[in-house]
$ cat input_15.cif   # mmCIF, C-alpha atoms
data_protein
loop_
_atom_site.label_atom_id
_atom_site.label_comp_id
_atom_site.auth_asym_id
_atom_site.auth_seq_id
_atom_site.Cartn_x
_atom_site.Cartn_y
_atom_site.Cartn_z
CA MET A 13 -92.92 -40.42 -67.54
CA PRO A 14 -92.61 -39.72 -71.30
CA PRO A 15 -94.95 -36.99 -72.66
CA SER A 16 -96.88 -39.50 -74.80
CA GLN A 17 -97.48 -41.59 -71.67
CA GLN A 18 -98.94 -38.53 -69.87
CA LEU A 19 -101.35 -37.81 -72.73
CA PHE A 20 -102.23 -41.48 -72.81
CA LYS A 21 -103.17 -41.50 -69.09
CA GLY A 22 -105.68 -38.70 -69.66
CA SER A 23 -107.47 -40.78 -72.30
CA LEU A 24 -107.44 -44.04 -70.37
CA THR A 25 -111.22 -44.33 -69.90
CA THR A 26 -111.81 -43.78 -73.61
CA ILE A 27 -109.20 -46.38 -74.54
CA VAL A 28 -110.69 -49.00 -72.21
CA LEU A 29 -114.23 -48.28 -73.45
CA LYS A 30 -113.07 -48.53 -77.07
CA LEU A 31 -111.26 -51.85 -76.48
CA LEU A 32 -114.28 -53.32 -74.74
CA SER A 33 -116.64 -52.12 -77.45
CA GLY A 34 -114.63 -53.97 -80.06
CA GLY A 35 -113.71 -57.22 -78.39
CA GLY A 36 -116.66 -58.14 -76.19
CA LYS A 37 -115.60 -59.22 -72.71
CA MET A 38 -111.96 -58.80 -71.66
CA TYR A 39 -109.91 -59.36 -68.52
CA GLY A 40 -107.36 -56.97 -67.01
CA TYR A 41 -104.15 -58.52 -68.28
CA GLU A 42 -105.68 -58.95 -71.74
CA ILE A 43 -106.35 -55.19 -71.90
CA THR A 44 -102.74 -54.30 -71.01
CA LYS A 45 -101.51 -56.79 -73.61
CA LYS A 46 -103.83 -55.42 -76.29
CA VAL A 47 -102.68 -51.83 -75.70
CA LYS A 48 -99.04 -52.90 -75.98
CA GLU A 49 -99.81 -54.85 -79.14
CA LEU A 50 -101.78 -52.03 -80.81
CA THR A 51 -99.08 -49.45 -80.10
CA ASN A 52 -96.17 -51.77 -80.92
CA GLY A 53 -94.99 -51.53 -77.34
CA GLN A 54 -94.74 -47.72 -77.46
CA LEU A 55 -97.36 -47.23 -74.76
CA VAL A 56 -97.56 -49.24 -71.58
CA LEU A 57 -100.77 -49.44 -69.61
CA THR A 58 -99.70 -49.97 -66.01
CA GLU A 59 -101.68 -52.12 -63.59
CA GLY A 60 -101.83 -49.22 -61.15
CA ALA A 61 -103.70 -47.12 -63.71
CA LEU A 62 -105.82 -49.80 -65.39
CA TYR A 63 -107.58 -51.36 -62.39
CA PRO A 64 -108.74 -48.10 -60.76
CA ALA A 65 -110.10 -47.07 -64.20
CA LEU A 66 -111.95 -50.38 -64.58
CA HIS A 67 -113.35 -50.19 -61.03
CA LYS A 68 -114.53 -46.64 -61.66
CA LEU A 69 -116.31 -47.71 -64.85
CA GLU A 70 -117.89 -50.57 -62.90
CA ALA A 71 -119.13 -48.24 -60.13
CA GLU A 72 -120.60 -45.92 -62.76
CA GLY A 73 -122.50 -48.84 -64.28
CA LEU A 74 -120.67 -48.58 -67.62
CA VAL A 75 -119.17 -52.06 -67.38
CA VAL A 76 -120.48 -55.27 -65.92
CA THR A 77 -118.33 -58.08 -64.55
CA THR A 78 -118.55 -61.86 -64.69
CA ILE A 79 -116.29 -64.44 -63.10
CA GLU A 80 -115.38 -67.63 -64.91
CA GLN A 81 -113.14 -70.51 -63.97
CA VAL A 82 -110.28 -70.59 -66.49
CA GLY A 83 -107.93 -73.51 -65.99
CA ASN A 84 -107.04 -73.64 -62.32
CA ARG A 85 -108.05 -70.09 -61.37
CA PRO A 86 -111.06 -67.75 -61.42
CA ARG A 87 -110.93 -64.88 -63.90
CA LYS A 88 -112.87 -61.62 -63.81
CA TYR A 89 -114.15 -60.39 -67.16
CA TYR A 90 -115.36 -56.91 -68.02
CA ALA A 91 -117.97 -56.12 -70.67
CA LEU A 92 -119.79 -52.96 -71.61
CA THR A 93 -123.34 -52.39 -70.41
CA LYS A 94 -125.93 -50.67 -72.62
CA SER A 95 -125.02 -47.29 -71.15
CA GLY A 96 -121.31 -48.19 -71.48
CA LYS A 97 -121.77 -48.72 -75.22
CA LYS A 98 -123.42 -45.31 -75.53
CA GLU A 99 -120.65 -43.73 -73.44
CA ALA A 100 -117.99 -45.33 -75.67
CA VAL A 101 -119.52 -43.67 -78.74
CA ILE A 102 -119.71 -40.29 -76.97
CA LYS A 103 -116.13 -40.50 -75.67
CA LEU A 104 -114.74 -41.48 -79.07
CA LYS A 105 -116.57 -38.61 -80.70
CA GLU A 106 -115.20 -36.23 -78.06
CA ILE A 107 -111.62 -37.41 -78.46
CA SER A 108 -111.74 -37.32 -82.24
CA GLN A 109 -113.09 -33.76 -82.09
CA PHE A 110 -110.37 -32.83 -79.59
CA ILE A 111 -107.63 -34.30 -81.80
CA SER A 112 -108.89 -32.44 -84.87
CA GLU A 113 -109.08 -29.17 -82.87
CA MET A 114 -105.52 -29.68 -81.60
CA GLN A 115 -104.30 -30.37 -85.11
CA GLN A 116 -105.89 -27.13 -86.29
CA LEU A 117 -104.63 -25.15 -83.29
CA LEU A 118 -101.06 -26.36 -83.51
CA GLY A 119 -100.97 -26.46 -87.30
CA LEU A 120 -100.35 -30.18 -87.30
CA LYS A 121 -103.09 -31.05 -89.73
CA ILE A 122 -101.95 -33.90 -91.94
CA PRO A 123 -102.71 -33.06 -95.60
CA THR A 124 -105.32 -35.35 -97.07
CA LEU A 125 -104.42 -37.17 -100.26
CA THR A 126 -106.62 -36.61 -103.23
CA ILE A 127 -106.67 -39.19 -105.93
CA SER A 128 -107.41 -37.82 -109.35
CA MET B 4 -96.99 -72.77 -69.85
CA GLN B 5 -99.61 -72.84 -67.16
CA LEU B 6 -98.97 -72.33 -63.46
CA SER B 7 -99.68 -75.24 -61.12
CA ASP B 8 -102.38 -75.25 -58.41
CA GLN B 9 -99.67 -74.78 -55.77
CA GLN B 10 -98.30 -71.73 -57.58
CA ILE B 11 -101.80 -70.22 -57.81
CA ASP B 12 -102.26 -70.82 -54.06
CA TYR B 13 -98.90 -69.15 -53.50
CA LEU B 14 -100.12 -66.09 -55.44
CA PHE B 15 -103.31 -65.80 -53.36
CA LYS B 16 -101.20 -66.01 -50.16
CA PHE B 17 -98.68 -63.51 -51.55
CA ILE B 18 -101.48 -61.02 -52.31
CA GLU B 19 -102.92 -61.48 -48.81
CA ARG B 20 -99.47 -60.88 -47.29
CA LYS B 21 -99.51 -57.54 -49.13
CA PHE B 22 -102.65 -56.58 -47.14
CA VAL B 23 -105.28 -57.34 -49.77
CA TYR B 24 -107.80 -59.27 -47.66
CA TRP B 25 -110.78 -59.08 -50.02
CA TYR B 26 -111.45 -62.11 -52.14
CA ASP B 27 -113.00 -60.11 -55.03
CA LEU B 28 -109.76 -58.13 -55.40
CA GLN B 29 -107.56 -61.17 -54.81
CA ILE B 30 -109.18 -63.01 -57.73
CA GLU B 31 -108.38 -60.17 -60.10
CA LEU B 32 -104.81 -59.65 -58.89
CA ALA B 33 -103.98 -63.38 -58.77
CA ASP B 34 -105.17 -63.83 -62.34
CA HIS B 35 -103.24 -60.76 -63.48
CA LEU B 36 -100.02 -61.91 -61.82
CA ALA B 37 -100.50 -65.48 -63.08
CA SER B 38 -101.13 -64.39 -66.70
CA HIS B 39 -98.13 -62.07 -66.64
CA ILE B 40 -95.85 -64.67 -65.02
CA GLU B 41 -96.90 -67.29 -67.58
CA ALA B 42 -96.06 -64.88 -70.41
CA GLU B 43 -92.67 -64.05 -68.84
CA MET B 44 -91.83 -67.71 -68.27
CA ASP B 45 -92.75 -68.51 -71.87
CA LYS B 46 -90.25 -65.87 -73.01
CA ASP B 47 -87.60 -67.00 -70.53
CA PRO B 48 -88.05 -70.66 -69.50
CA GLY B 49 -85.16 -70.35 -67.03
CA LEU B 50 -86.97 -67.71 -64.98
CA LEU B 51 -87.81 -68.83 -61.45
CA PHE B 52 -91.43 -68.51 -60.36
CA GLU B 53 -90.67 -66.57 -57.14
CA THR B 54 -88.37 -64.16 -59.02
CA ALA B 55 -91.09 -63.57 -61.61
CA VAL B 56 -93.64 -62.81 -58.86
CA GLU B 57 -91.39 -60.19 -57.28
CA LYS B 58 -90.49 -58.70 -60.66
CA ILE B 59 -94.11 -58.26 -61.70
CA TYR B 60 -95.15 -56.99 -58.26
CA GLN B 61 -92.56 -54.19 -58.65
CA GLN B 62 -94.55 -52.94 -61.66
CA PHE B 63 -97.44 -52.03 -59.32
CA GLY B 64 -95.31 -49.13 -58.14
CA LEU B 65 -93.92 -47.92 -54.84
CA PHE B 66 -97.09 -48.53 -52.83
CA GLY B 67 -97.77 -51.96 -54.32
CA PHE B 68 -101.45 -52.89 -54.10
CA ALA B 69 -102.26 -50.22 -51.47
CA LYS B 70 -103.36 -47.51 -53.90
CA LEU B 71 -105.46 -49.99 -55.80
CA VAL B 72 -107.24 -51.08 -52.61
CA GLN B 73 -107.89 -47.46 -51.62
CA GLU B 74 -109.30 -46.58 -55.07
CA LYS B 75 -111.50 -49.67 -55.03
CA GLN B 76 -112.94 -48.75 -51.61
CA ILE B 77 -113.87 -45.30 -52.94
CA GLN B 78 -115.54 -46.80 -56.00
CA VAL B 79 -117.44 -49.41 -53.98
CA ALA B 80 -118.88 -46.69 -51.70
CA LYS B 81 -119.80 -44.69 -54.80
CA ALA B 82 -121.57 -47.70 -56.28
CA GLY B 83 -123.54 -48.08 -53.03
CA ARG B 84 -124.69 -44.45 -53.15
CA LYS B 85 -125.63 -44.85 -56.81
CA LEU B 86 -127.76 -47.91 -56.04
CA TRP B 87 -129.49 -45.97 -53.26
CA TRP B 88 -130.34 -42.99 -55.47
CA GLN B 89 -131.48 -45.30 -58.26
CA ALA B 90 -133.98 -46.85 -55.87
CA VAL B 91 -135.21 -43.42 -54.73
CA ARG B 92 -135.52 -42.19 -58.32
CA THR B 93 -137.80 -45.11 -59.30
CA PHE B 94 -140.49 -43.45 -57.16
CA LEU B 95 -140.50 -40.45 -59.49
CA SER B 96 -141.60 -42.48 -62.51
CA TRP B 97 -144.39 -44.95 -63.17
CA PRO B 98 -145.39 -47.42 -61.82
CA LYS B 99 -143.81 -46.57 -58.46
CA PHE B 100 -144.96 -42.96 -58.66
CA GLY B 101 -148.40 -44.44 -57.98
CA LEU B 102 -147.04 -45.89 -54.71
CA LEU B 103 -145.65 -42.49 -53.74
CA ILE B 104 -149.13 -40.98 -54.19
CA LEU B 105 -150.62 -43.89 -52.23
CA PHE B 106 -148.22 -43.27 -49.31
CA ALA B 107 -149.17 -39.58 -49.36
CA ILE B 108 -152.91 -40.39 -49.34
CA ILE B 109 -152.53 -42.96 -46.54
CA SER B 110 -150.55 -40.52 -44.39
CA TRP B 111 -153.10 -37.73 -45.00
CA GLN B 112 -155.95 -40.06 -44.04
CA LEU B 113 -154.08 -41.06 -40.88
CA THR B 114 -153.81 -37.41 -39.84
CA SER B 115 -157.60 -37.08 -40.03
CA LEU B 116 -158.10 -40.21 -37.92
CA PHE B 117 -155.45 -39.71 -35.21
CA ASP B 118 -153.87 -36.86 -33.31
CA LEU B 119 -150.49 -35.69 -34.69
CA TRP B 120 -148.93 -35.91 -31.21
CA LEU B 121 -149.70 -39.62 -31.31
CA LEU B 122 -148.96 -40.23 -34.99
CA MET B 123 -145.54 -38.62 -35.20
CA PRO B 124 -143.89 -40.56 -32.31
CA ALA B 125 -145.54 -43.77 -33.56
CA PHE B 126 -144.12 -43.18 -37.03
CA ILE B 127 -140.64 -42.36 -35.66
CA ILE B 128 -140.63 -45.58 -33.58
CA VAL B 129 -141.81 -47.78 -36.48
CA TYR B 130 -139.34 -46.08 -38.87
CA PHE B 131 -136.34 -46.61 -36.59
CA ILE B 132 -137.27 -50.19 -35.65
CA SER B 133 -137.62 -51.06 -39.38
CA LYS B 134 -134.34 -49.37 -40.22
CA VAL B 135 -132.43 -51.05 -37.40
CA ALA B 136 -133.95 -54.43 -38.33
CA LEU B 137 -132.78 -53.96 -41.94
CA ILE B 138 -129.29 -52.95 -40.83
CA ILE B 139 -128.99 -55.90 -38.40
CA LYS B 140 -130.10 -58.33 -41.11
CA PHE B 141 -127.52 -56.91 -43.52
CA GLN B 142 -124.81 -56.90 -40.84
CA LYS B 143 -125.31 -60.65 -40.40
CA PHE B 144 -124.87 -61.15 -44.12
CA LYS B 145 -121.89 -58.80 -44.12
CA GLU B 146 -120.26 -60.68 -41.27
CA ARG B 147 -120.68 -63.93 -43.15
CA TYR B 148 -119.09 -62.65 -46.37
CA ARG B 149 -116.81 -59.94 -44.98
CA ARG B 150 -113.99 -61.04 -47.29
CA LEU B 151 -115.83 -59.46 -50.23
CA MET B 152 -115.26 -55.74 -50.67
CA LEU B 153 -118.48 -55.56 -52.66
CA ILE B 154 -120.34 -55.90 -49.34
CA GLU B 155 -119.03 -52.47 -48.27
CA ALA B 156 -121.31 -50.83 -50.86
CA GLY B 157 -124.13 -51.13 -48.32
CA MET B 158 -122.48 -48.54 -46.11
CA GLY B 159 -122.15 -45.95 -48.90
CA ALA B 160 -125.90 -45.36 -48.81
CA GLY B 161 -126.16 -44.06 -45.27
CA PHE B 162 -125.41 -40.33 -45.42
CA VAL B 163 -128.64 -38.93 -46.92
CA SER B 164 -130.80 -41.08 -44.69
CA PHE B 165 -128.76 -39.88 -41.71
CA LEU B 166 -129.70 -36.28 -42.63
CA PHE B 167 -133.36 -37.34 -42.77
CA ASP B 168 -133.04 -38.98 -39.33
CA MET B 169 -131.65 -35.72 -37.94
CA LEU B 170 -134.56 -33.76 -39.42
CA LEU B 171 -137.04 -36.10 -37.74
CA PHE B 172 -135.83 -34.91 -34.33
CA THR B 173 -135.83 -31.20 -35.10
CA GLY B 174 -138.38 -28.52 -36.01
CA ASP B 175 -141.98 -28.10 -34.94
CA HIS B 176 -143.51 -30.58 -37.38
CA TYR B 177 -145.70 -32.04 -34.63
CA GLU B 178 -148.45 -29.54 -35.50
CA SER B 179 -148.40 -29.79 -39.28
CA ARG B 180 -150.41 -32.44 -41.17
CA LEU B 181 -148.43 -31.68 -44.33
CA ALA B 182 -145.11 -32.20 -42.54
CA PHE B 183 -146.29 -35.59 -41.27
CA CYS B 184 -147.29 -36.59 -44.84
CA ILE B 185 -143.85 -35.58 -46.16
CA TYR B 186 -142.00 -37.43 -43.38
CA PHE B 187 -144.15 -40.53 -43.76
CA THR B 188 -143.72 -40.65 -47.56
CA CYS B 189 -139.98 -39.87 -47.53
CA GLY B 190 -139.34 -42.27 -44.63
CA THR B 191 -141.10 -45.12 -46.42
CA ILE B 192 -139.11 -44.43 -49.61
CA ILE B 193 -135.84 -44.33 -47.63
CA LEU B 194 -136.62 -47.72 -46.05
CA PHE B 195 -137.42 -49.11 -49.47
CA ALA B 196 -134.14 -47.73 -50.87
CA PHE B 197 -132.18 -49.44 -48.07
CA PHE B 198 -133.96 -52.70 -48.75
CA HIS B 199 -133.17 -52.31 -52.48
CA VAL B 200 -129.45 -51.66 -51.86
CA PHE B 201 -129.07 -54.63 -49.52
CA HIS B 202 -131.07 -56.90 -51.82
CA SER B 203 -129.04 -55.83 -54.91
CA ILE B 204 -125.73 -56.47 -53.12
CA LYS B 205 -126.86 -59.93 -51.97
CA LYS B 206 -127.99 -60.72 -55.51
CA GLN B 207 -124.68 -59.53 -56.97
CA VAL B 208 -122.69 -61.58 -54.45
CA THR B 209 -124.57 -64.79 -55.22
CA LEU B 210 -124.38 -64.13 -58.97
CA LEU B 211 -120.69 -63.26 -59.11
CA TYR B 212 -119.28 -65.59 -56.48
CA PRO B 213 -121.45 -68.72 -56.37
CA GLY B 214 -118.42 -70.98 -56.18
CA ALA B 215 -116.62 -68.73 -53.74
CA LEU B 216 -119.40 -68.45 -51.17
CA LYS B 217 -118.91 -71.90 -49.69
CA HIS B 218 -115.17 -71.32 -49.49
CA LEU B 219 -115.64 -67.90 -47.89
CA VAL B 220 -118.04 -69.15 -45.24
CA ILE B 221 -115.70 -72.00 -44.30
CA THR B 222 -112.72 -69.61 -44.16
CA ASN B 223 -114.61 -67.20 -41.95
CA LYS B 224 -115.61 -69.91 -39.48
CA ILE B 225 -112.00 -70.87 -38.79
#
$ encode --input "input_15.cif" --output "structure tokens"
Amino acid sequence: MPPSQQLFKGSLTTIVLKLLSGGGKMYGYEITKKVKELTNGQLVLTEGALYPALHKLEAEGLVVTTIEQVGNRPRKYYALTKSGKKEAVIKLKEISQFISEMQQLLGLKIPTLTIS
Amino acid sequence: MQLSDQQIDYLFKFIERKFVYWYDLQIELADHLASHIEAEMDKDPGLLFETAVEKIYQQFGLFGFAKLVQEKQIQVAKAGRKLWWQAVRTFLSWPKFGLLILFAIISWQLTSLFDLWLLMPAFIIVYFISKVALIIKFQKFKERYRRLMLIEAGMGAGFVSFLFDMLLFTGDHYESRLAFCIYFTCGTIILFAFFHVFHSIKKQVTLLYPGALKHLVITNKI
């Protein structure tokens, strides 16, 4: 597993919460496709990692599911609950703080451009 | 392109052959496989359906769907326990806190009207009969819709109430009015929590799978 993929796995819940907070309801395959699209195919969200994460969020009451008939098959959609929306904000704040701390710690801080 | 009805049926059967017997999981996996296969066949129109199924199944890893099923079972049990505690917690805030006080007052009044050696066994009998009746009623429902993993959530709630049941048969609480009040109040809340869990699961099943219920009942009768 490439190092970026390992880091990615640790942030899976945050990524799923963020995607659901932006796009309303989504189904499993749509989430994997969206991740691939947003990272230009650099990161792959495997089915074996995605579904356990979604089921965990469902058990915790952070997402709610609905089933709709799409074409000739039923499809399960996931959407954030009220507490899921709050959790998404908290998780994003946490990860952004973590990234900035890591940048400081490892001296990776990208210089900000100042326009005069 | 869109897969035909026969191909969708094939996917459901394929998933079942891989030991995923629960309809709620099958729906999700069949749709995932179908969406992925459609995308692959759009990219490569020469790709055979059966080859695409096997190719995409490989992406679920060495253990196929097994790990996913195991994880789902853990989460379903967790959801059951969460529902149970949610029901218990409602008694610690208004308006149900009023009911908790009412149960305590009723039990205290009972201890002044009847002997504890009569009250305690009577309570234990009524408590167990009610609990068994609730479990039997849910078992019938469970049997009817056993192809839904969601149903298993009902079993996740049992552990704490089992500890309470053990406590009922131990100690010398037969001489304490306060102990009777605590047992009566807690026992009533536990029964309510069970009822809440079973009711919530039934509600969820009918909400999520209205179309599937008929199909499931027919399948189970065969």
$ closest_residue --input "input_15.cif" --among "B:Gly83, B:Arg149, B:Ala156, B:Leu71" --to "B:Tyr24" --atoms "all atoms listed in the file"
B:Arg149
$ resolve_selection --input "input_15.cif" --expression "the PyMOL selection byres ((chain B) within 8 of (chain A))" --output "list of chain:residue names"
B:Ser7, B:Asp8, B:Ile11, B:Ile30, B:Glu31, B:Asp34, B:His35, B:Ser38, B:His39, B:Gln62, B:Phe63, B:Gly64, B:Phe68, B:Lys70, B:Leu71, B:Glu74, B:Lys75, B:Gln78, B:Val79, B:Lys81, B:Ala82, B:Lys85, B:Leu211, B:Tyr212
$ residues_around --input "input_15.cif" --residues "B:Trp25" --least-positions-apart "6" --cutoff "9 Å" --atoms "all atoms listed in the file" --output "list in words"
Glu19, Arg149, Arg150, Leu151, Met152 and Leu153 of chain B
$ atom_distance --input "input_15.cif" --atom1 "atom CA of A:Glu49" --atom2 "atom CA of A:Lys30"
14.8 Å
$ resolve_selection --input "input_15.cif" --expression "the PyMOL selection byres ((chain A and resi 28) around 10)" --output "mmCIF file with C-alpha atoms, in the frame of the given file"
data_model
loop_
_atom_site.group_PDB
_atom_site.id
_atom_site.type_symbol
_atom_site.label_atom_id
_atom_site.label_comp_id
_atom_site.auth_asym_id
_atom_site.auth_seq_id
_atom_site.Cartn_x
_atom_site.Cartn_y
_atom_site.Cartn_z
ATOM 1 C CA SER A 23 -107.470 -40.780 -72.300
ATOM 2 C CA LEU A 24 -107.440 -44.040 -70.370
ATOM 3 C CA THR A 25 -111.220 -44.330 -69.900
ATOM 4 C CA THR A 26 -111.810 -43.780 -73.610
ATOM 5 C CA ILE A 27 -109.200 -46.380 -74.540
ATOM 6 C CA LEU A 29 -114.230 -48.280 -73.450
ATOM 7 C CA LYS A 30 -113.070 -48.530 -77.070
ATOM 8 C CA LEU A 31 -111.260 -51.850 -76.480
ATOM 9 C CA LEU A 32 -114.280 -53.320 -74.740
ATOM 10 C CA SER A 33 -116.640 -52.120 -77.450
ATOM 11 C CA MET A 38 -111.960 -58.800 -71.660
ATOM 12 C CA ILE A 43 -106.350 -55.190 -71.900
ATOM 13 C CA THR A 44 -102.740 -54.300 -71.010
ATOM 14 C CA VAL A 47 -102.680 -51.830 -75.700
ATOM 15 C CA LEU A 62 -105.820 -49.800 -65.390
ATOM 16 C CA ALA A 65 -110.100 -47.070 -64.200
ATOM 17 C CA LEU A 66 -111.950 -50.380 -64.580
ATOM 18 C CA LEU A 69 -116.310 -47.710 -64.850
ATOM 19 C CA LEU A 92 -119.790 -52.960 -71.610
ATOM 20 C CA ALA A 100 -117.990 -45.330 -75.670
#
$ residues_around --input "input_15.cif" --residues "B:Phe15" --least-positions-apart "6" --cutoff "9 Å" --atoms "all atoms listed in the file" --output "list in words"
Gln29, Ile30, Leu32 and Ala33 of chain B
$ residues_around --input "input_15.cif" --residues "B:Leu14" --least-positions-apart "2" --cutoff "8 Å" --atoms "only C-alpha atoms" --output "ChimeraX atom specification"
/B:10-12,16-18,33,36-37
$ resolve_selection --input "input_15.cif" --expression "the PyMOL selection byres ((chain B and resi 183-187) around 6)" --output "list in words"
Ala107, Ser110, Trp111, Arg180, Leu181, Ala182, Thr188, Cys189 and Gly190 of chain B
$ atom_distance --input "input_15.cif" --atom1 "atom CA of B:His202" --atom2 "atom CA of B:Lys143"
13.3 Å
$ atom_distance --input "input_15.cif" --atom1 "atom CA of B:Arg92" --atom2 "atom CA of B:Leu122"
27.0 Å
$ axis_aligned_box --input "input_15.cif" --around "stretch 60-72 of chain A" --padding-each-side "6 Å" --output "AutoDock Vina command-line options"
--center_x -111.2 --center_y -48.6 --center_z -62.8 --size_x 30.8 --size_y 17.4 --size_z 17.3
